[in-house]
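Structure data follow from data.tsv (TSV, C-alpha atoms):
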chain	number	residue	atom	x	y	z
A	75	MET	CA	24.60	40.36	-54.51
A	76	ASP	CA	24.07	37.16	-56.51
A	77	LYS	CA	20.43	36.18	-55.90
A	78	ARG	CA	21.10	32.48	-56.33
A	79	THR	CA	24.06	32.04	-53.99
A	80	GLN	CA	23.48	35.10	-51.77
A	81	TYR	CA	27.26	35.66	-51.90
A	82	LEU	CA	28.82	38.98	-52.81
A	83	SER	CA	30.32	39.42	-56.25
A	84	LEU	CA	33.17	41.82	-55.56
A	85	SER	CA	34.23	44.55	-57.96
A	86	GLU	CA	37.92	45.23	-58.62
A	87	GLU	CA	37.66	48.27	-56.34
A	88	GLU	CA	36.14	46.20	-53.53
A	89	ILE	CA	38.80	43.49	-53.92
A	90	ARG	CA	41.49	46.15	-53.72
A	91	GLY	CA	39.92	47.62	-50.59
A	92	LEU	CA	39.86	44.16	-49.03
A	93	GLN	CA	43.50	43.65	-49.95
A	94	LEU	CA	44.58	46.91	-48.33
A	95	LYS	CA	42.78	46.04	-45.09
A	96	SER	CA	44.47	42.62	-45.18
A	97	LEU	CA	47.80	44.39	-45.66
A	98	GLU	CA	47.16	46.40	-42.49
A	99	ILE	CA	46.93	43.13	-40.57
A	100	ALA	CA	50.05	41.72	-42.22
A	101	LYS	CA	52.15	44.79	-41.43
A	102	TYR	CA	51.10	44.82	-37.78
A	103	PHE	CA	51.60	41.05	-37.57
A	104	LYS	CA	55.09	41.31	-39.06
A	105	ASN	CA	56.15	43.91	-36.49
A	106	PHE	CA	54.63	41.89	-33.66
A	107	CYS	CA	56.46	38.73	-34.73
A	108	GLU	CA	59.77	40.54	-35.10
A	109	GLU	CA	59.41	42.08	-31.64
A	110	ASN	CA	58.63	38.68	-30.11
A	111	ASN	CA	61.08	36.56	-32.10
A	112	LEU	CA	58.41	34.55	-33.92
A	113	LEU	CA	59.05	33.06	-37.34
A	114	PHE	CA	56.44	33.25	-40.10
A	115	TYR	CA	56.27	33.30	-43.88
A	116	LEU	CA	53.74	34.37	-46.47
A	117	CYS	CA	52.32	31.23	-48.04
A	118	GLY	CA	49.98	30.30	-50.88
A	119	GLY	CA	48.76	33.26	-52.92
A	120	GLY	CA	50.68	35.77	-50.80
A	121	CYS	CA	53.99	34.02	-51.50
A	122	ILE	CA	53.20	33.70	-55.21
A	123	GLY	CA	52.07	37.33	-55.29
A	124	ALA	CA	55.34	38.53	-53.77
A	125	LEU	CA	57.32	36.76	-56.49
A	126	ARG	CA	55.05	37.25	-59.49
A	127	HIS	CA	53.40	40.62	-58.79
A	128	LYS	CA	55.47	42.17	-55.96
A	129	GLY	CA	52.18	42.33	-54.08
A	130	PHE	CA	48.76	40.77	-54.14
A	131	ILE	CA	47.67	38.56	-56.98
A	132	PRO	CA	45.15	41.01	-58.51
A	133	TRP	CA	42.11	38.82	-57.80
A	134	ASP	CA	43.29	37.44	-54.44
A	135	ASP	CA	41.16	38.43	-51.45
A	136	ASP	CA	43.32	37.63	-48.41
A	137	ILE	CA	46.76	36.89	-46.96
A	138	ASP	CA	47.71	33.53	-45.46
A	139	VAL	CA	50.85	32.74	-43.48
A	140	PHE	CA	52.72	29.69	-42.20
A	141	MET	CA	54.30	29.41	-38.75
A	142	PRO	CA	56.34	26.50	-37.34
A	143	ARG	CA	54.23	24.72	-34.73
A	144	LYS	CA	56.26	26.02	-31.74
A	145	ASP	CA	55.90	29.65	-32.81
A	146	TYR	CA	52.26	29.06	-33.78
A	147	GLU	CA	51.43	27.91	-30.25
A	148	LYS	CA	53.35	30.79	-28.68
A	149	LEU	CA	51.54	33.36	-30.81
A	150	TYR	CA	48.11	33.00	-29.18
A	151	VAL	CA	49.51	33.48	-25.68
A	152	LEU	CA	51.79	36.38	-26.60
A	153	TRP	CA	49.07	38.12	-28.59
A	154	ASN	CA	46.70	38.18	-25.65
A	155	GLU	CA	49.48	39.55	-23.44
A	156	LYS	CA	51.04	42.18	-25.70
A	157	ALA	CA	49.07	42.95	-28.87
A	158	ASP	CA	46.67	45.81	-29.60
A	159	LYS	CA	43.55	43.70	-29.12
A	160	LYS	CA	41.25	46.66	-29.71
A	161	ARG	CA	42.41	46.75	-33.33
A	162	PHE	CA	43.24	43.10	-33.96
A	163	SER	CA	41.89	39.93	-32.36
A	164	CYS	CA	43.76	36.62	-32.40
A	165	LEU	CA	41.14	33.89	-32.58
A	166	LYS	CA	41.08	30.13	-32.44
A	167	THR	CA	38.56	27.57	-31.25
A	168	THR	CA	38.91	26.80	-27.54
A	169	ASP	CA	36.80	25.05	-24.93
A	170	THR	CA	34.80	28.29	-24.55
A	171	VAL	CA	34.90	29.85	-28.04
A	172	PHE	CA	33.85	28.16	-31.29
A	173	MET	CA	35.27	29.62	-34.51
A	174	GLY	CA	34.28	27.11	-37.16
A	175	ASN	CA	37.94	27.09	-38.31
A	176	ILE	CA	40.73	24.58	-37.71
A	177	PHE	CA	43.48	27.22	-37.64
A	178	THR	CA	44.22	30.59	-36.01
A	179	THR	CA	43.09	33.90	-37.50
A	180	ILE	CA	43.94	37.54	-36.89
A	181	VAL	CA	40.88	39.76	-37.34
A	182	ASN	CA	40.73	43.49	-38.05
A	183	ASN	CA	38.12	44.60	-35.51
A	184	ASN	CA	37.35	47.86	-37.31
A	185	THR	CA	35.91	46.10	-40.37
A	186	THR	CA	33.02	43.76	-41.15
A	187	VAL	CA	33.19	40.63	-43.29
A	188	ILE	CA	30.45	38.04	-42.75
A	189	ARG	CA	31.22	34.52	-43.97
A	190	PRO	CA	28.60	31.78	-44.38
A	191	HIS	CA	30.02	29.34	-41.83
A	192	GLN	CA	30.34	32.05	-39.14
A	193	ARG	CA	27.18	34.10	-39.65
A	194	ASN	CA	25.53	32.72	-36.50
A	195	LEU	CA	28.60	32.87	-34.26
A	196	ASP	CA	29.14	35.60	-31.66
A	197	ILE	CA	32.76	36.29	-32.61
A	198	PRO	CA	34.68	39.13	-34.30
A	199	GLN	CA	33.53	39.23	-37.93
A	200	GLY	CA	36.06	41.29	-39.87
A	201	VAL	CA	38.79	41.11	-42.49
A	202	CYS	CA	41.09	38.33	-41.36
A	203	MET	CA	44.47	36.75	-41.97
A	204	ASP	CA	44.66	32.96	-41.63
A	205	ILE	CA	47.64	31.36	-39.90
A	206	PHE	CA	48.53	27.73	-40.60
A	207	PRO	CA	50.97	25.68	-38.50
A	208	LEU	CA	53.79	23.66	-40.02
A	209	ASP	CA	54.48	20.27	-38.45
A	210	GLY	CA	57.15	17.64	-38.61
A	211	CYS	CA	56.44	14.85	-41.09
A	212	PRO	CA	57.38	11.39	-39.71
A	213	SER	CA	59.40	8.97	-41.79
A	214	GLY	CA	57.77	5.65	-42.56
A	215	LYS	CA	54.55	5.11	-44.51
A	216	ILE	CA	52.54	3.74	-41.59
A	217	ARG	CA	53.35	6.58	-39.19
A	218	ARG	CA	52.64	9.10	-41.92
A	219	LYS	CA	49.25	7.53	-42.66
A	220	ILE	CA	48.42	7.57	-38.95
A	221	GLN	CA	49.40	11.23	-38.77
A	222	LYS	CA	47.07	12.10	-41.65
A	223	PHE	CA	44.28	10.07	-40.05
A	224	TRP	CA	44.58	12.10	-36.84
A	225	ALA	CA	44.73	15.31	-38.91
A	226	LEU	CA	41.43	14.41	-40.55
A	227	ILE	CA	39.86	13.61	-37.17
A	228	TYR	CA	41.16	16.92	-35.83
A	229	SER	CA	39.72	18.83	-38.80
A	230	LEU	CA	36.33	17.14	-38.50
A	231	TYR	CA	35.84	17.61	-34.77
A	232	MET	CA	37.38	21.07	-34.60
A	233	ALA	CA	35.28	22.48	-37.48
A	234	GLN	CA	32.28	20.32	-36.45
A	235	ILE	CA	30.94	20.24	-40.00
A	236	VAL	CA	30.90	17.51	-42.62
A	237	PRO	CA	33.12	18.36	-45.62
A	238	GLU	CA	31.04	18.59	-48.79
A	239	ASN	CA	33.66	19.21	-51.47
A	240	HIS	CA	36.04	16.27	-50.98
A	241	GLY	CA	34.01	13.45	-52.47
A	242	LYS	CA	31.05	11.32	-51.44
A	243	LEU	CA	33.13	8.83	-49.42
A	244	THR	CA	34.76	11.56	-47.35
A	245	TYR	CA	31.35	13.13	-46.77
A	246	LEU	CA	29.83	9.82	-45.65
A	247	ILE	CA	32.72	9.00	-43.30
A	248	GLY	CA	32.62	12.51	-41.85
A	249	LYS	CA	28.90	12.28	-41.24
A	250	ILE	CA	29.32	8.94	-39.46
A	251	PHE	CA	32.13	10.20	-37.22
A	252	LEU	CA	30.26	13.38	-36.28
A	253	GLY	CA	27.19	11.30	-35.50
A	254	LEU	CA	29.21	9.11	-33.16
A	255	VAL	CA	30.08	12.15	-31.03
A	256	PRO	CA	27.04	14.49	-31.02
A	257	ASN	CA	28.18	16.50	-27.99
A	258	LYS	CA	30.13	19.64	-28.95
A	259	ASN	CA	32.30	19.62	-25.84
A	260	MET	CA	33.29	16.02	-26.46
A	261	ARG	CA	34.07	16.83	-30.08
A	262	TYR	CA	36.45	19.54	-28.92
A	263	LYS	CA	38.17	17.11	-26.53
A	264	PHE	CA	38.57	14.58	-29.33
A	265	ALA	CA	39.96	17.33	-31.57
A	266	LYS	CA	42.56	18.33	-28.99
A	267	TYR	CA	43.60	14.70	-28.54
A	268	ALA	CA	43.90	14.31	-32.31
A	269	GLN	CA	45.95	17.51	-32.50
A	270	LYS	CA	48.37	16.13	-29.92
A	271	GLN	CA	48.79	12.94	-31.94
A	272	MET	CA	49.23	14.59	-35.33
A	273	SER	CA	51.73	17.19	-34.10
A	274	LYS	CA	53.89	15.00	-31.88
A	275	TYR	CA	56.77	14.88	-34.37
A	276	PRO	CA	59.11	17.85	-33.70
A	277	ILE	CA	60.34	19.54	-36.84
A	278	GLU	CA	63.89	19.34	-35.49
A	279	SER	CA	63.83	15.52	-35.51
A	280	CYS	CA	62.16	15.10	-38.92
A	281	GLU	CA	63.55	15.24	-42.45
A	282	LYS	CA	60.37	16.69	-43.91
A	283	ILE	CA	57.66	19.21	-43.01
A	284	THR	CA	53.95	19.06	-43.74
A	285	GLU	CA	50.84	21.27	-43.37
A	286	LEU	CA	47.96	19.59	-41.57
A	287	CYS	CA	45.42	22.38	-41.10
A	288	ALA	CA	44.75	23.50	-44.67
A	289	GLY	CA	42.47	20.66	-45.78
A	290	PRO	CA	42.81	17.07	-47.03
A	291	HIS	CA	44.54	18.07	-50.27
A	292	TYR	CA	47.39	20.08	-48.77
A	293	MET	CA	48.07	17.66	-45.91
A	294	GLN	CA	49.37	15.24	-48.56
A	295	ASN	CA	52.28	17.59	-49.27
A	296	GLU	CA	55.71	16.81	-47.85
A	297	TYR	CA	58.43	19.46	-48.03
A	298	PRO	CA	62.17	19.06	-47.38
A	299	LYS	CA	62.94	20.63	-44.00
A	300	GLU	CA	65.47	23.05	-45.46
A	301	VAL	CA	62.67	24.76	-47.42
A	302	PHE	CA	61.44	26.34	-44.17
A	303	LYS	CA	64.78	26.64	-42.39
A	304	SER	CA	64.53	30.43	-42.40
A	305	ALA	CA	62.83	33.32	-44.16
A	306	ILE	CA	64.02	35.71	-46.82
A	307	TYR	CA	62.36	39.04	-47.55
A	308	LYS	CA	60.71	39.99	-50.82
A	309	GLU	CA	58.83	43.11	-51.85
A	310	PHE	CA	55.09	42.91	-51.24
A	311	GLU	CA	53.00	46.05	-51.79
A	312	LYS	CA	56.13	48.18	-51.16
A	313	GLU	CA	56.75	46.35	-47.89
A	314	MET	CA	59.45	43.74	-47.32
A	315	MET	CA	57.69	40.55	-46.24
A	316	PRO	CA	59.13	37.13	-45.35
A	317	ILE	CA	58.71	34.05	-47.53
A	318	PRO	CA	60.34	30.60	-47.08
A	319	ILE	CA	64.00	30.50	-48.06
A	320	GLY	CA	63.17	27.47	-50.21
A	321	TYR	CA	60.17	29.16	-51.78
A	322	ASP	CA	60.71	27.70	-55.26
A	323	LYS	CA	60.63	24.09	-54.05
A	324	TYR	CA	57.70	24.79	-51.73
A	325	LEU	CA	55.60	26.45	-54.42
A	326	LYS	CA	56.37	23.84	-57.08
A	327	ILE	CA	55.33	21.03	-54.74
A	328	ALA	CA	52.17	22.85	-53.65
A	329	PHE	CA	51.11	24.56	-56.90
A	330	GLY	CA	53.24	23.41	-59.83
A	331	ASP	CA	54.17	26.11	-62.35
A	332	TYR	CA	53.35	29.00	-60.05
A	333	MET	CA	54.78	31.76	-62.24
A	334	THR	CA	52.31	31.09	-65.06
A	335	LEU	CA	48.97	32.87	-64.76
A	336	PRO	CA	45.92	30.59	-64.44
A	337	PRO	CA	43.17	30.60	-67.10
A	338	LYS	CA	41.08	33.77	-67.11
A	339	GLU	CA	38.00	32.00	-65.70
A	340	GLN	CA	39.99	31.03	-62.59
A	341	ARG	CA	41.08	34.59	-61.81
A	342	ILE	CA	38.41	35.19	-59.19
A	343	PRO	CA	38.32	35.49	-55.38
A	344	HIS	CA	38.00	32.11	-53.67
A	345	HIS	CA	36.26	32.98	-50.41
A	346	ASP	CA	32.50	33.27	-49.99
A	347	ILE	CA	31.32	36.53	-48.39
A	348	LEU	CA	27.75	37.35	-47.40
A	349	PHE	CA	28.26	40.97	-46.35
A	350	MET	CA	31.19	43.38	-46.21
A	351	ASP	CA	31.80	46.87	-44.83
A	352	LEU	CA	35.46	47.85	-44.71
A	353	ASN	CA	34.81	51.10	-42.85
A	354	LYS	CA	32.65	49.94	-39.93
A	355	SER	CA	33.22	47.50	-37.10
A	356	TYR	CA	31.36	44.21	-37.09
A	357	LYS	CA	29.96	45.28	-33.70
A	358	GLU	CA	27.60	47.67	-35.49
A	359	TYR	CA	26.01	44.80	-37.40
A	360	LYS	CA	25.38	42.33	-34.59
A	361	GLY	CA	21.80	41.09	-34.83
A	362	ILE	CA	21.46	42.87	-38.17
A	363	LYS	CA	23.87	41.14	-40.50
A	364	TYR	CA	25.01	38.27	-38.29
A	365	LEU	CA	23.51	36.40	-35.33
A	366	THR	CA	20.18	36.77	-37.07
A	367	GLU	CA	19.42	33.08	-37.77
A	368	GLY	CA	17.83	34.39	-40.96
A	369	LYS	CA	18.84	35.60	-44.39
A	370	ILE	CA	21.06	38.58	-44.93
Translate the structure of the given file into structure tokens.
Amino acid sequence: MDKRTQYLSLSEEEIRGLQLKSLEIAKYFKNFCEENNLLFYLCGGGCIGALRHKGFIPWDDDIDVFMPRKDYEKLYVLWNEKADKKRFSCLKTTDTVFMGNIFTTIVNNNTTVIRPHQRNLDIPQGVCMDIFPLDGCPSGKIRRKIQKFWALIYSLYMAQIVPENHGKLTYLIGKIFLGLVPNKNMRYKFAKYAQKQMSKYPIESCEKITELCAGPHYMQNEYPKEVFKSAIYKEFEKEMMPIPIGYDKYLKIAFGDYMTLPPKEQRIPHHDILFMDLNKSYKEYKGIKYLTEGKI
């Protein structure tokens, strides 16, 4: 463990182990979505990995997926009704559970991965797959700016932390807005209102699609609707996994020249981890590695 940051520095073997546990989630998730007629696509590094490596990008440490807003909202309900919740939990912040995330995650309950922003939360702490909703993007500059404003308010009050890596002005504004609403329950209510406002444009009635729950940078992106009209299947770790039918346009807008490898110094995992055990459930570490209020 790095003594300065207290974050794990993962070996290639540990990264590969993390990838394989993430793949377990993705395979179960794929079957669940197919059985329940839910549309999803690998996005970000998973989508690039399918095209460039036929699997994980070698240094990538997770799988992320997109779902159209309607399917995204159905997922949480259907999961709690039909899924194997002993193995995999579907988690999102509600009026009774705080996750520290602004999106939904599927967690492998038989593993342990402690992240800095969740170390003092009494929630499943395992290998996870993040799920991001896709929303309709309104035409007209003013309506689009208002949508992004509500998306920022949603992100702030749902995560309930001030962003520190998006510039001093964003940090200052975030701090002011959080200070205006110190009560956590009220913050959640504001977040839900903001979510309603930002997602009120049905994909069917819009020409473009956007992603509003992946941070200030990605919410600027606007994709032609046909990019996400349907999914096509590409090989990913010897499995056939769905990616957007317009994957080339999506990836070029989001990442530029996605088929070219980044500089060597950027080929590292991008998620901070305090503690990891891929063979034991997080339940065995409660009060030991998380919910300790102290250092790990």
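Within 12 Å of Arg217 (chain A), once all atoms listed in the file are used and residues closer than 5 positions along the same chain are dropped, the contacting residues are A:Gly210, A:Cys211, A:Pro212, A:Lys222, A:Phe223, A:Trp224, A:Gln271, A:Met272, A:Ser273, A:Lys274, A:Tyr275.
Distances here use all atoms listed in the file; by that measure, the residue among A:Cys280, A:Ile317, A:Ile250, A:Leu195 closest to Gly214 (chain A) is A:Cys280.
Across A:Cys164, A:Val187, A:Ile176, A:Leu152, the tightest approach to Lys95 (chain A) is made by A:Val187 when counting all atoms listed in the file.
Taking CA of Asn105 (chain A) and CA of Arg189 (chain A) as the two end points, the separation is 27.7 Å.
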Handout entry: Contacts of Ser96 (chain A) within 9 Å, only C-alpha atoms, excl. fewer than 2 positions in-chain, as JSON, numbers by chain
Key = {"A": [91, 92, 93, 94, 98, 99, 100, 101, 135, 136, 137, 182, 201, 202, 203]}
Can I get the selected residues back with C-alpha atoms, as a PDB file, keeping the file's coordinate frame?
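Generated file (again_13.pdb):
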ATOM      1  CA  GLY A  91      39.920  47.620 -50.590  1.00  0.00           C
ATOM      2  CA  LEU A  92      39.860  44.160 -49.030  1.00  0.00           C
ATOM      3  CA  GLN A  93      43.500  43.650 -49.950  1.00  0.00           C
ATOM      4  CA  LEU A  94      44.580  46.910 -48.330  1.00  0.00           C
ATOM      5  CA  GLU A  98      47.160  46.400 -42.490  1.00  0.00           C
ATOM      6  CA  ILE A  99      46.930  43.130 -40.570  1.00  0.00           C
ATOM      7  CA  ALA A 100      50.050  41.720 -42.220  1.00  0.00           C
ATOM      8  CA  LYS A 101      52.150  44.790 -41.430  1.00  0.00           C
ATOM      9  CA  ASP A 135      41.160  38.430 -51.450  1.00  0.00           C
ATOM     10  CA  ASP A 136      43.320  37.630 -48.410  1.00  0.00           C
ATOM     11  CA  ILE A 137      46.760  36.890 -46.960  1.00  0.00           C
ATOM     12  CA  ASN A 182      40.730  43.490 -38.050  1.00  0.00           C
ATOM     13  CA  VAL A 201      38.790  41.110 -42.490  1.00  0.00           C
ATOM     14  CA  CYS A 202      41.090  38.330 -41.360  1.00  0.00           C
ATOM     15  CA  MET A 203      44.470  36.750 -41.970  1.00  0.00           C
TER      16      MET A 203
END
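In terms of minimum interatomic distance to Phe264 (chain A), A:Asp169 ranks closest within A:Asp204, A:Glu155, A:Asp169, A:Glu108, counting all atoms listed in the file.
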Handout entry: Between CA of Asp145 (chain A) and CA of Leu113 (chain A), distance in Å (one decimal)
Key = 6.5 Å
Exercise for the section: Can you pull out every residue within 10 Å of Lys128 (chain A), counting all atoms listed in the file, but drop anything in the same chain fewer than 5 positions away, and send it as a VMD selection string? Expected result: chain A and resid 120 to 123 308 to 314
Scan for residues within 9 Å of the point (24.0, 29.0, -37.1) in the coordinates of the file, using all atoms listed in the file, and reply as a PDB file with C-alpha atoms, keeping the file's coordinate frame.
ATOM      1  CA  HIS A 191      30.020  29.340 -41.830  1.00  0.00           C
ATOM      2  CA  GLN A 192      30.340  32.050 -39.140  1.00  0.00           C
ATOM      3  CA  ARG A 193      27.180  34.100 -39.650  1.00  0.00           C
ATOM      4  CA  ASN A 194      25.530  32.720 -36.500  1.00  0.00           C
ATOM      5  CA  LEU A 195      28.600  32.870 -34.260  1.00  0.00           C
ATOM      6  CA  LEU A 365      23.510  36.400 -35.330  1.00  0.00           C
ATOM      7  CA  THR A 366      20.180  36.770 -37.070  1.00  0.00           C
ATOM      8  CA  GLU A 367      19.420  33.080 -37.770  1.00  0.00           C
TER       9      GLU A 367
END
Exercise for the section: Take the point (51.6, 20.6, -41.0) in the file's coordinates, draw a sphere of radius 7 Å around it, and report as a PyMOL selection string every protein, DNA or RNA residue with an atom inside or on it, counting only C-alpha atoms. Expected result: chain A and resi 207-210+283-287+293
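The space between CA of His291 (chain A) and CA of Lys242 (chain A) spans 15.1 Å.
Among A:Ala124, A:Ala288, A:Leu252, A:Met350, the residue with the shortest atom-to-atom distance to Ile235 (chain A), counting all atoms listed in the file, is A:Leu252.
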Report, as lines of an AutoDock Vina configuration file, the centre and edge lengths in Å (one decimal) of the axis-aligned box enclosing every listed atom of region 154-169 of chain A, padded by 4 Å on each side.
center_x = 43.9
center_y = 35.9
center_z = -28.7
size_x = 22.2
size_y = 29.7
size_z = 18.5
